[in-house]
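The data block below is work29.cif; it holds mmCIF, C-alpha atoms.
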data_work
loop_
_atom_site.group_PDB
_atom_site.id
_atom_site.type_symbol
_atom_site.label_atom_id
_atom_site.label_comp_id
_atom_site.auth_asym_id
_atom_site.auth_seq_id
_atom_site.Cartn_x
_atom_site.Cartn_y
_atom_site.Cartn_z
ATOM 1 C CA MET A 1 13.958 -29.527 -27.918
ATOM 2 C CA ARG A 2 16.942 -27.430 -26.908
ATOM 3 C CA PHE A 3 17.042 -23.851 -25.670
ATOM 4 C CA GLY A 4 19.898 -21.426 -25.278
ATOM 5 C CA ILE A 5 20.538 -17.739 -24.739
ATOM 6 C CA SER A 6 22.987 -15.206 -26.122
ATOM 7 C CA THR A 7 25.394 -13.109 -24.097
ATOM 8 C CA HIS A 8 23.880 -10.253 -26.143
ATOM 9 C CA LEU A 9 21.890 -9.618 -22.955
ATOM 10 C CA PHE A 10 25.126 -8.366 -21.349
ATOM 11 C CA HIS A 11 26.602 -6.899 -24.526
ATOM 12 C CA ALA A 12 27.229 -3.469 -22.985
ATOM 13 C CA GLN A 13 29.374 -5.007 -20.225
ATOM 14 C CA ARG A 14 32.601 -6.984 -20.072
ATOM 15 C CA LEU A 15 31.546 -10.635 -19.891
ATOM 16 C CA ASP A 16 32.428 -12.409 -16.662
ATOM 17 C CA ARG A 17 31.638 -15.559 -14.718
ATOM 18 C CA ALA A 18 28.720 -13.942 -12.895
ATOM 19 C CA HIS A 19 26.889 -13.432 -16.197
ATOM 20 C CA LEU A 20 27.159 -17.122 -17.071
ATOM 21 C CA ALA A 21 26.038 -18.060 -13.566
ATOM 22 C CA GLU A 22 23.026 -15.757 -13.881
ATOM 23 C CA MET A 23 21.994 -17.346 -17.179
ATOM 24 C CA ALA A 24 22.506 -20.829 -15.753
ATOM 25 C CA GLY A 25 20.446 -19.879 -12.708
ATOM 26 C CA ALA A 26 17.592 -18.991 -15.066
ATOM 27 C CA GLY A 27 17.719 -22.495 -16.527
ATOM 28 C CA PHE A 28 19.834 -21.857 -19.634
ATOM 29 C CA ASP A 29 22.795 -24.217 -19.908
ATOM 30 C CA THR A 30 23.609 -23.368 -23.546
ATOM 31 C CA ILE A 31 24.877 -20.000 -24.751
ATOM 32 C CA GLU A 32 25.913 -18.070 -27.820
ATOM 33 C CA LEU A 33 28.870 -15.758 -27.313
ATOM 34 C CA PHE A 34 28.442 -12.322 -28.885
ATOM 35 C CA ALA A 35 31.959 -11.573 -30.092
ATOM 36 C CA THR A 36 32.639 -7.881 -29.646
ATOM 37 C CA ARG A 37 36.002 -7.092 -28.092
ATOM 38 C CA SER A 38 34.587 -4.590 -25.613
ATOM 39 C CA HIS A 39 32.257 -7.381 -24.399
ATOM 40 C CA PHE A 40 34.623 -10.346 -24.750
ATOM 41 C CA ASP A 41 38.158 -9.952 -26.077
ATOM 42 C CA TYR A 42 38.423 -12.986 -28.336
ATOM 43 C CA HIS A 43 41.920 -11.804 -29.352
ATOM 44 C CA ASP A 44 43.163 -12.473 -25.799
ATOM 45 C CA PRO A 45 44.219 -16.073 -25.000
ATOM 46 C CA GLY A 46 43.793 -15.276 -21.311
ATOM 47 C CA ALA A 47 40.175 -14.235 -21.831
ATOM 48 C CA ILE A 48 39.481 -17.459 -23.746
ATOM 49 C CA ALA A 49 41.088 -19.515 -20.971
ATOM 50 C CA SER A 50 38.962 -17.689 -18.393
ATOM 51 C CA LEU A 51 35.810 -18.353 -20.415
ATOM 52 C CA SER A 52 36.674 -22.038 -20.592
ATOM 53 C CA GLY A 53 36.955 -22.144 -16.816
ATOM 54 C CA TRP A 54 33.695 -20.259 -16.301
ATOM 55 C CA LEU A 55 31.868 -22.669 -18.606
ATOM 56 C CA ASP A 56 33.160 -25.637 -16.623
ATOM 57 C CA GLU A 57 32.337 -24.060 -13.284
ATOM 58 C CA THR A 58 28.792 -23.043 -14.214
ATOM 59 C CA GLY A 59 27.914 -26.140 -16.255
ATOM 60 C CA VAL A 60 27.175 -24.036 -19.334
ATOM 61 C CA ARG A 61 27.986 -25.174 -22.891
ATOM 62 C CA LEU A 62 29.166 -22.908 -25.706
ATOM 63 C CA ASN A 63 26.882 -23.681 -28.651
ATOM 64 C CA SER A 64 27.778 -20.876 -31.015
ATOM 65 C CA VAL A 65 29.646 -17.640 -31.519
ATOM 66 C CA HIS A 66 28.227 -14.565 -33.215
ATOM 67 C CA ALA A 67 30.902 -13.247 -35.560
ATOM 68 C CA PRO A 68 31.939 -9.654 -34.856
ATOM 69 C CA ILE A 69 29.763 -6.916 -36.325
ATOM 70 C CA ALA A 70 31.696 -4.105 -34.606
ATOM 71 C CA LEU A 71 35.097 -3.741 -32.987
ATOM 72 C CA SER A 72 33.716 -2.162 -29.847
ATOM 73 C CA LEU A 73 30.728 -0.550 -28.221
ATOM 74 C CA ASP A 74 30.456 3.120 -27.373
ATOM 75 C CA GLY A 75 26.928 3.671 -26.153
ATOM 76 C CA GLY A 76 25.788 1.277 -28.897
ATOM 77 C CA ALA A 77 27.408 -0.392 -31.891
ATOM 78 C CA GLY A 78 30.658 1.395 -32.649
ATOM 79 C CA GLN A 79 33.372 0.909 -35.271
ATOM 80 C CA ALA A 80 31.085 -1.207 -37.434
ATOM 81 C CA LEU A 81 32.496 -4.030 -39.545
ATOM 82 C CA SER A 82 31.186 -5.100 -42.952
ATOM 83 C CA ASN A 83 32.353 -8.207 -44.773
ATOM 84 C CA ALA A 84 30.392 -6.911 -47.788
ATOM 85 C CA ALA A 85 32.296 -3.641 -48.023
ATOM 86 C CA SER A 86 33.361 -2.560 -51.488
ATOM 87 C CA ALA A 87 36.698 -1.316 -50.099
ATOM 88 C CA PRO A 88 39.038 -4.339 -49.986
ATOM 89 C CA ALA A 89 40.753 -3.301 -46.761
ATOM 90 C CA ALA A 90 37.454 -2.896 -44.917
ATOM 91 C CA ARG A 91 36.135 -6.233 -46.201
ATOM 92 C CA GLN A 92 39.335 -8.032 -45.278
ATOM 93 C CA ALA A 93 39.312 -6.480 -41.791
ATOM 94 C CA ALA A 94 35.850 -7.933 -41.161
ATOM 95 C CA VAL A 95 36.900 -11.378 -42.396
ATOM 96 C CA ARG A 96 39.995 -11.281 -40.166
ATOM 97 C CA GLU A 97 37.850 -10.559 -37.131
ATOM 98 C CA ALA A 98 35.585 -13.499 -37.996
ATOM 99 C CA GLU A 99 38.700 -15.658 -38.290
ATOM 100 C CA ARG A 100 39.854 -14.569 -34.833
ATOM 101 C CA ALA A 101 36.453 -15.490 -33.393
ATOM 102 C CA LEU A 102 36.727 -18.890 -35.088
ATOM 103 C CA GLN A 103 40.008 -19.510 -33.292
ATOM 104 C CA ILE A 104 38.085 -19.795 -30.011
ATOM 105 C CA ALA A 105 37.113 -23.270 -31.268
ATOM 106 C CA ARG A 106 40.735 -24.414 -30.933
ATOM 107 C CA HIS A 107 40.362 -24.035 -27.168
ATOM 108 C CA ILE A 108 36.593 -24.263 -26.577
ATOM 109 C CA PRO A 109 34.825 -26.419 -29.175
ATOM 110 C CA TYR A 110 31.592 -24.950 -30.514
ATOM 111 C CA SER A 111 29.255 -25.869 -33.351
ATOM 112 C CA LEU A 112 28.205 -22.729 -35.198
ATOM 113 C CA LEU A 113 29.543 -19.343 -36.242
ATOM 114 C CA VAL A 114 26.657 -16.954 -36.934
ATOM 115 C CA VAL A 115 27.582 -14.381 -39.587
ATOM 116 C CA HIS A 116 25.956 -11.166 -40.799
ATOM 117 C CA LEU A 117 26.687 -10.646 -44.482
ATOM 118 C CA GLY A 118 27.074 -6.897 -44.692
ATOM 119 C CA ARG A 119 25.050 -4.548 -42.531
ATOM 120 C CA PRO A 120 21.327 -3.828 -42.187
ATOM 121 C CA ALA A 121 20.341 -1.548 -45.051
ATOM 122 C CA ALA A 122 18.917 1.113 -42.746
ATOM 123 C CA GLY A 123 21.782 3.189 -41.418
ATOM 124 C CA SER A 124 24.491 1.587 -43.543
ATOM 125 C CA ASP A 125 26.956 3.738 -45.445
ATOM 126 C CA ALA A 126 27.560 3.758 -49.166
ATOM 127 C CA GLY A 127 29.865 0.887 -49.999
ATOM 128 C CA ASP A 128 28.992 -1.196 -46.908
ATOM 129 C CA ASN A 129 26.774 -3.640 -48.787
ATOM 130 C CA THR A 130 28.135 -5.072 -52.026
ATOM 131 C CA ARG A 131 26.777 -8.425 -53.171
ATOM 132 C CA ALA A 132 30.005 -9.626 -54.800
ATOM 133 C CA ALA A 133 32.038 -8.756 -51.712
ATOM 134 C CA ALA A 134 29.505 -10.562 -49.489
ATOM 135 C CA ALA A 135 29.719 -13.735 -51.576
ATOM 136 C CA ARG A 136 33.526 -13.646 -51.541
ATOM 137 C CA SER A 137 33.609 -13.200 -47.767
ATOM 138 C CA ALA A 138 31.030 -15.955 -47.259
ATOM 139 C CA GLU A 139 33.195 -18.470 -49.094
ATOM 140 C CA GLU A 140 36.363 -17.363 -47.284
ATOM 141 C CA ILE A 141 34.749 -17.635 -43.845
ATOM 142 C CA CYS A 142 33.338 -21.082 -44.639
ATOM 143 C CA ARG A 143 36.775 -22.301 -45.716
ATOM 144 C CA LEU A 144 38.314 -20.942 -42.523
ATOM 145 C CA ALA A 145 35.641 -22.641 -40.401
ATOM 146 C CA ALA A 146 35.770 -26.094 -42.003
ATOM 147 C CA PRO A 147 39.077 -27.338 -40.491
ATOM 148 C CA LEU A 148 37.800 -26.354 -37.041
ATOM 149 C CA GLY A 149 34.613 -28.387 -37.378
ATOM 150 C CA VAL A 150 32.466 -25.251 -37.218
ATOM 151 C CA LYS A 151 29.423 -24.712 -39.454
ATOM 152 C CA VAL A 152 28.672 -21.207 -40.691
ATOM 153 C CA ALA A 153 25.098 -19.923 -40.313
ATOM 154 C CA PHE A 154 24.366 -16.825 -42.369
ATOM 155 C CA GLU A 155 21.826 -14.707 -40.542
ATOM 156 C CA VAL A 156 18.655 -13.294 -42.019
ATOM 157 C CA ILE A 157 19.091 -9.529 -41.731
ATOM 158 C CA PRO A 158 17.387 -6.657 -43.570
ATOM 159 C CA ASN A 159 19.527 -6.165 -46.629
ATOM 160 C CA ASP A 160 19.084 -7.346 -50.209
ATOM 161 C CA PHE A 161 21.436 -10.339 -50.035
ATOM 162 C CA SER A 162 20.449 -11.568 -46.560
ATOM 163 C CA THR A 163 16.765 -12.254 -47.126
ATOM 164 C CA PRO A 164 15.838 -15.933 -46.733
ATOM 165 C CA ALA A 165 15.519 -16.345 -50.511
ATOM 166 C CA ALA A 166 18.824 -14.579 -51.209
ATOM 167 C CA LEU A 167 20.681 -16.719 -48.654
ATOM 168 C CA VAL A 168 19.227 -19.911 -50.144
ATOM 169 C CA GLU A 169 20.453 -18.784 -53.554
ATOM 170 C CA LEU A 170 23.892 -17.941 -52.154
ATOM 171 C CA ILE A 171 24.274 -21.386 -50.578
ATOM 172 C CA ASP A 172 22.872 -23.327 -53.529
ATOM 173 C CA ARG A 173 24.505 -21.454 -56.402
ATOM 174 C CA ASP A 174 27.449 -19.380 -55.250
ATOM 175 C CA LEU A 175 29.228 -21.257 -52.469
ATOM 176 C CA ASP A 176 31.529 -24.118 -53.377
ATOM 177 C CA VAL A 177 31.677 -25.257 -49.751
ATOM 178 C CA ALA A 178 29.906 -27.692 -47.472
ATOM 179 C CA GLU A 179 28.430 -27.138 -44.026
ATOM 180 C CA ALA A 180 26.908 -23.696 -44.573
ATOM 181 C CA GLY A 181 23.366 -22.857 -43.557
ATOM 182 C CA ILE A 182 20.967 -20.161 -42.434
ATOM 183 C CA CYS A 183 20.279 -18.602 -39.040
ATOM 184 C CA LEU A 184 16.662 -17.486 -38.991
ATOM 185 C CA ASP A 185 16.442 -14.353 -36.876
ATOM 186 C CA PHE A 186 12.755 -14.127 -35.997
ATOM 187 C CA GLY A 187 12.808 -10.447 -35.105
ATOM 188 C CA HIS A 188 14.469 -9.534 -38.393
ATOM 189 C CA ALA A 189 12.118 -11.780 -40.357
ATOM 190 C CA HIS A 190 9.144 -10.101 -38.664
ATOM 191 C CA LEU A 191 10.404 -6.670 -39.728
ATOM 192 C CA MET A 192 10.936 -7.903 -43.290
ATOM 193 C CA GLY A 193 7.696 -9.827 -43.880
ATOM 194 C CA GLU A 194 5.917 -12.921 -42.593
ATOM 195 C CA VAL A 195 7.844 -15.205 -40.244
ATOM 196 C CA ALA A 196 6.110 -18.360 -41.489
ATOM 197 C CA ASP A 197 7.117 -17.530 -45.068
ATOM 198 C CA ALA A 198 10.724 -17.023 -43.966
ATOM 199 C CA VAL A 199 10.747 -20.426 -42.217
ATOM 200 C CA GLU A 200 9.366 -22.159 -45.306
ATOM 201 C CA ILE A 201 11.869 -20.517 -47.652
ATOM 202 C CA ALA A 202 14.880 -21.207 -45.427
ATOM 203 C CA ALA A 203 13.728 -24.696 -44.407
ATOM 204 C CA GLU A 204 16.243 -26.824 -46.302
ATOM 205 C CA HIS A 205 19.192 -24.837 -44.970
ATOM 206 C CA LEU A 206 17.927 -23.818 -41.524
ATOM 207 C CA ILE A 207 20.540 -24.745 -38.902
ATOM 208 C CA ALA A 208 20.224 -21.979 -36.288
ATOM 209 C CA THR A 209 17.771 -19.498 -34.818
ATOM 210 C CA HIS A 210 17.796 -16.166 -33.043
ATOM 211 C CA VAL A 211 14.576 -15.970 -31.075
ATOM 212 C CA HIS A 212 13.284 -12.539 -30.098
ATOM 213 C CA ASP A 213 10.283 -10.286 -30.655
ATOM 214 C CA ASN A 214 9.436 -6.731 -31.693
ATOM 215 C CA ARG A 215 6.436 -4.560 -32.514
ATOM 216 C CA ARG A 216 7.359 -4.362 -36.192
ATOM 217 C CA ARG A 217 8.715 -0.842 -35.879
ATOM 218 C CA GLN A 218 12.311 -1.464 -34.842
ATOM 219 C CA ASP A 219 14.662 -4.286 -33.870
ATOM 220 C CA ASP A 220 13.806 -4.358 -30.154
ATOM 221 C CA HIS A 221 15.143 -7.826 -29.220
ATOM 222 C CA LEU A 222 12.286 -8.380 -26.778
ATOM 223 C CA ALA A 223 11.489 -11.687 -25.144
ATOM 224 C CA PRO A 224 8.897 -13.691 -27.111
ATOM 225 C CA PHE A 225 5.271 -12.700 -26.484
ATOM 226 C CA LEU A 226 6.216 -9.095 -25.662
ATOM 227 C CA GLY A 227 5.950 -7.991 -29.300
ATOM 228 C CA THR A 228 3.646 -8.821 -32.166
ATOM 229 C CA ILE A 229 5.051 -12.050 -33.635
ATOM 230 C CA ASP A 230 2.436 -14.809 -33.739
ATOM 231 C CA TRP A 231 4.498 -17.430 -31.956
ATOM 232 C CA ASP A 232 1.935 -20.201 -32.341
ATOM 233 C CA VAL A 233 2.212 -19.855 -36.115
ATOM 234 C CA ALA A 234 6.002 -19.466 -35.968
ATOM 235 C CA LEU A 235 6.460 -22.599 -33.870
ATOM 236 C CA MET A 236 4.015 -24.560 -35.999
ATOM 237 C CA SER A 237 6.093 -23.593 -39.040
ATOM 238 C CA LEU A 238 9.262 -24.886 -37.387
ATOM 239 C CA GLN A 239 7.556 -28.141 -36.438
ATOM 240 C CA LYS A 240 6.276 -28.537 -39.992
ATOM 241 C CA ILE A 241 9.809 -28.461 -41.429
ATOM 242 C CA GLY A 242 11.172 -30.733 -38.686
ATOM 243 C CA PHE A 243 13.562 -28.225 -37.145
ATOM 244 C CA GLU A 244 15.690 -29.949 -34.478
ATOM 245 C CA GLY A 245 18.218 -27.233 -33.676
ATOM 246 C CA THR A 246 18.529 -24.892 -30.721
ATOM 247 C CA TYR A 247 15.992 -22.178 -29.944
ATOM 248 C CA LEU A 248 18.527 -19.472 -29.117
ATOM 249 C CA LEU A 249 17.130 -16.388 -27.406
ATOM 250 C CA GLU A 250 18.939 -13.184 -28.384
ATOM 251 C CA LEU A 251 17.530 -10.565 -26.041
ATOM 252 C CA ALA A 252 18.343 -6.948 -25.238
ATOM 253 C CA ASN A 253 18.701 -5.625 -21.719
ATOM 254 C CA THR A 254 15.457 -3.649 -21.763
ATOM 255 C CA GLY A 255 15.409 -3.037 -18.013
ATOM 256 C CA SER A 256 17.458 -5.340 -15.855
ATOM 257 C CA PRO A 257 19.017 -8.674 -16.837
ATOM 258 C CA ALA A 258 17.121 -10.394 -14.032
ATOM 259 C CA ALA A 259 13.788 -9.150 -15.367
ATOM 260 C CA VAL A 260 14.671 -10.093 -18.943
ATOM 261 C CA LEU A 261 15.754 -13.569 -17.828
ATOM 262 C CA ALA A 262 12.436 -13.982 -15.995
ATOM 263 C CA ASP A 263 10.635 -13.069 -19.237
ATOM 264 C CA ALA A 264 12.862 -15.545 -21.083
ATOM 265 C CA GLN A 265 11.982 -18.317 -18.635
ATOM 266 C CA ARG A 266 8.268 -17.680 -19.122
ATOM 267 C CA ALA A 267 8.669 -17.670 -22.895
ATOM 268 C CA ARG A 268 10.590 -20.923 -22.787
ATOM 269 C CA GLU A 269 7.859 -22.574 -20.721
ATOM 270 C CA ARG A 270 5.230 -21.460 -23.252
ATOM 271 C CA PHE A 271 7.373 -22.726 -26.117
ATOM 272 C CA GLU A 272 7.754 -26.090 -24.382
ATOM 273 C CA ARG A 273 4.005 -26.440 -23.894
ATOM 274 C CA THR A 274 3.297 -25.506 -27.509
ATOM 275 C CA LEU A 275 5.996 -27.754 -28.969
ATOM 276 C CA ALA A 276 4.915 -30.683 -26.787
ATOM 277 C CA HIS A 277 1.355 -30.508 -28.140
ATOM 278 C CA PRO A 278 1.484 -29.799 -31.869
#

What do you get writing this file as structure tokens?
Amino acid sequence: MRFGISTHLFHAQRLDRAHLAEMAGAGFDTIELFATRSHFDYHDPGAIASLSGWLDETGVRLNSVHAPIALSLDGGAGQALSNAASAPAARQAAVREAERALQIARHIPYSLLVVHLGRPAAGSDAGDNTRAAAARSAEEICRLAAPLGVKVAFEVIPNDFSTPAALVELIDRDLDVAEAGICLDFGHAHLMGEVADAVEIAAEHLIATHVHDNRRRQDDHLAPFLGTIDWDVALMSLQKIGFEGTYLLELANTGSPAAVLADAQRARERFERTLAHP
């Protein structure tokens, strides 16, 4: 079993070597980079070169990159991007940002690009979420990723075309590409229904996870066991389908990074005990 953690924990700050060292010190040697330019400027070759050096120095491996969902942060998500926008210019802008994040793989190889198709339905604007635009962007991003050896994992998020069933249909019927799959975000699945059902539906295409918890009221990004997900059932569901990918914790800074990392360590230890004794 493999575990990793997202730089989402430090999303409100400019990523630096100390953040990677702190995650490594908590026992996480695999990360997902959350690509927002105010957090990590993936447009800047110098920033990518620095990241490569930090990874080498801290012994941390880049497993995946989360495609941009906003251009910057301003007290939260700002300048939101939507690859499902009905306006062609807005859709193309989101695809271009995903392409720039993919270019990191030319310098630092990584396995997966995690992609939101559109935006969560709650709080989205009219025209942000168009099914046809989402399908077109999905195929374009997959074709951009293929020459770089990167698989695209479409994330379960709360909109009509990013449910587990809708993503399975997209991959099976609409995409004329190989190497696409699903990222099961446990917190989102919990808000949308039953986690075990989501695992079963996504099973054939499940290649990535975002592991976090909530109390089924909002997307809190808590460490596992601090919300209301039944993790015994969730982990049993993953074992049942033979999932062999990375358990990637995507946690919010709910107090201090050190405290969140301590919660993450405890959750990982409980996961390991549960997964070792099915």

How would you write, as an NGL selection string, the residues chosen by the PyMOL selection byres ((chain A and resi 60-65) around 6) on this structure?
-> :A and (29-33 or 55 or 58-59 or 66 or 110-113)

The residue from A:Phe225, A:Gly193, A:Gly46, A:Leu148 with the smallest atom-to-atom distance to A:Ala105, counting all atoms listed in the file, is A:Leu148

Would you write out, as JSON, numbers by chain, every residue that the PyMOL selection byres ((chain A and resi 89-97) around 10) captures in this file?
-> {"A": [35, 36, 37, 42, 43, 67, 68, 69, 70, 71, 80, 81, 82, 83, 84, 85, 86, 87, 88, 98, 99, 100, 101, 102, 103, 118, 127, 128, 130, 133, 134, 136, 137, 138, 140, 141, 144]}

Residues near A:Thr254, cut-off 8 Å, only C-alpha atoms, skip fewer than 3 positions along chain, as a tab-separated table (two decimals) with C-alpha atoms, keeping the file's coordinate frame:
chain	number	residue	atom	x	y	z
A	222	LEU	CA	12.29	-8.38	-26.78
A	257	PRO	CA	19.02	-8.67	-16.84
A	260	VAL	CA	14.67	-10.09	-18.94

Using all atoms listed in the file, which residues sit within 12 Å of A:Gln218 once same-chain residues fewer than 6 positions away are excluded, as a list of chain:residue names?
-> A:Pro120, A:Ala122, A:Pro158, A:Gly187, A:His188, A:Ala189, A:His190, A:Leu191, A:Met192, A:Gly227, A:Thr228

Selection dump of the PyMOL selection byres ((chain A and resi 174) around 12), as a list in words |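 Written out, the selection comes to Arg131, Ala132, Ala134, Ala135, Arg136, Ser137, Ala138, Glu139, Ala166, Leu167, Val168, Glu169, Leu170, Ile171, Asp172, Arg173, Leu175, Asp176, Val177, Ala178 and Ala180 of chain A.
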
Please measure the separation of atom CA of A:Glu204 and atom CA of A:Glu269, giving the value in Å to one decimal.
->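 Calculated distance between atom CA of A:Glu204 and atom CA of A:Glu269 is 27.3 Å.
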
Work out how far atom CA of A:Gly255 is from atom CA of A:Ala21, in Å to one decimal.
->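 Atom-to-atom, atom CA of A:Ala21 to atom CA of A:Gly255, that is 18.9 Å.
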
Give, as lines of an AutoDock Vina configuration file, the centre coordinates and the x, y and z edge lengths in Å to one decimal for an axis-aligned box around all listed atoms of stretch 177-194 of chain A, padded by 8 Å on each side.
center_x = 18.8
center_y = -17.2
center_z = -42.4
size_x = 41.8
size_y = 37.0
size_z = 30.6

Write out as an MDAnalysis selection string each polymer residue whose atoms come within 7 Å of A:Leu9, counting all atoms listed in the file; drop sequence neighbours fewer than 3 positions from it.
-> chainID A and resid 6 251:253 257

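Interatomic distance, atom CA of A:Gly27 against atom CA of A:Ala196: 27.8 Å.
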
Have a look at A:Gly181, A:Ala223, A:Gly245, A:Thr163 and name the one nearest to A:Ala259; count all atoms listed in the file.
-> A:Ala223

Between A:Val233, A:Leu73, A:Ile182, A:Leu261, which one has atoms that come closest to A:Gln13, using all atoms listed in the file?
->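 Nearest to A:Gln13: A:Leu73.
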
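Across A:Thr274, A:Asn129, A:Trp54, A:Gly4, the tightest approach to A:Ala18 is made by A:Trp54 when counting all atoms listed in the file.
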
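The shortest atom-to-atom distance to A:Ala264, with only C-alpha atoms taken into account, belongs to A:His212 out of A:His212, A:His107, A:Arg119, A:Arg143.
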
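Distances here use all atoms listed in the file; by that measure, the residue among A:Asn159, A:Arg106, A:Val150, A:Ala12 closest to A:Gly123 is A:Asn159.
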
Atoms are missing here; could stretch 89-106 of chain A be completed with N, CA and C atoms and written as a compact mmCIF listing (two decimals), in the frame of the given file?
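This went into rebuild_27.txt:
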# COMPACT_ATOMS: atom_id res chain seq x y z
N ALA A 89 40.18 -3.29 -48.11
CA ALA A 89 40.75 -3.30 -46.76
C ALA A 89 39.67 -3.46 -45.70
N ALA A 90 38.55 -2.79 -45.89
CA ALA A 90 37.45 -2.90 -44.92
C ALA A 90 36.86 -4.30 -44.93
N ARG A 91 36.67 -4.87 -46.12
CA ARG A 91 36.14 -6.23 -46.20
C ARG A 91 37.08 -7.22 -45.53
N GLN A 92 38.36 -7.11 -45.84
CA GLN A 92 39.34 -8.03 -45.28
C GLN A 92 39.44 -7.89 -43.77
N ALA A 93 39.27 -6.68 -43.24
CA ALA A 93 39.31 -6.48 -41.79
C ALA A 93 38.17 -7.24 -41.12
N ALA A 94 36.99 -7.21 -41.73
CA ALA A 94 35.85 -7.93 -41.16
C ALA A 94 36.07 -9.43 -41.20
N VAL A 95 36.62 -9.94 -42.29
CA VAL A 95 36.90 -11.38 -42.40
C VAL A 95 37.95 -11.79 -41.37
N ARG A 96 38.96 -10.96 -41.17
CA ARG A 96 39.99 -11.28 -40.17
C ARG A 96 39.40 -11.38 -38.77
N GLU A 97 38.46 -10.49 -38.45
CA GLU A 97 37.85 -10.56 -37.13
C GLU A 97 37.01 -11.84 -36.99
N ALA A 98 36.31 -12.23 -38.04
CA ALA A 98 35.58 -13.50 -38.00
C ALA A 98 36.55 -14.66 -37.79
N GLU A 99 37.70 -14.61 -38.45
CA GLU A 99 38.70 -15.66 -38.29
C GLU A 99 39.20 -15.72 -36.85
N ARG A 100 39.41 -14.56 -36.23
CA ARG A 100 39.85 -14.57 -34.83
C ARG A 100 38.79 -15.18 -33.92
N ALA A 101 37.53 -14.89 -34.19
CA ALA A 101 36.45 -15.49 -33.39
C ALA A 101 36.39 -17.00 -33.61
N LEU A 102 36.69 -17.45 -34.82
CA LEU A 102 36.73 -18.89 -35.09
C LEU A 102 37.81 -19.59 -34.28
N GLN A 103 38.90 -18.88 -34.01
CA GLN A 103 40.01 -19.51 -33.29
C GLN A 103 39.64 -19.91 -31.86
N ILE A 104 38.57 -19.35 -31.33
CA ILE A 104 38.08 -19.80 -30.01
C ILE A 104 37.87 -21.30 -30.02
N ALA A 105 37.44 -21.84 -31.18
CA ALA A 105 37.11 -23.27 -31.27
C ALA A 105 38.33 -24.16 -31.06
N ARG A 106 39.54 -23.63 -31.21
CA ARG A 106 40.74 -24.41 -30.93
C ARG A 106 40.88 -24.71 -29.44
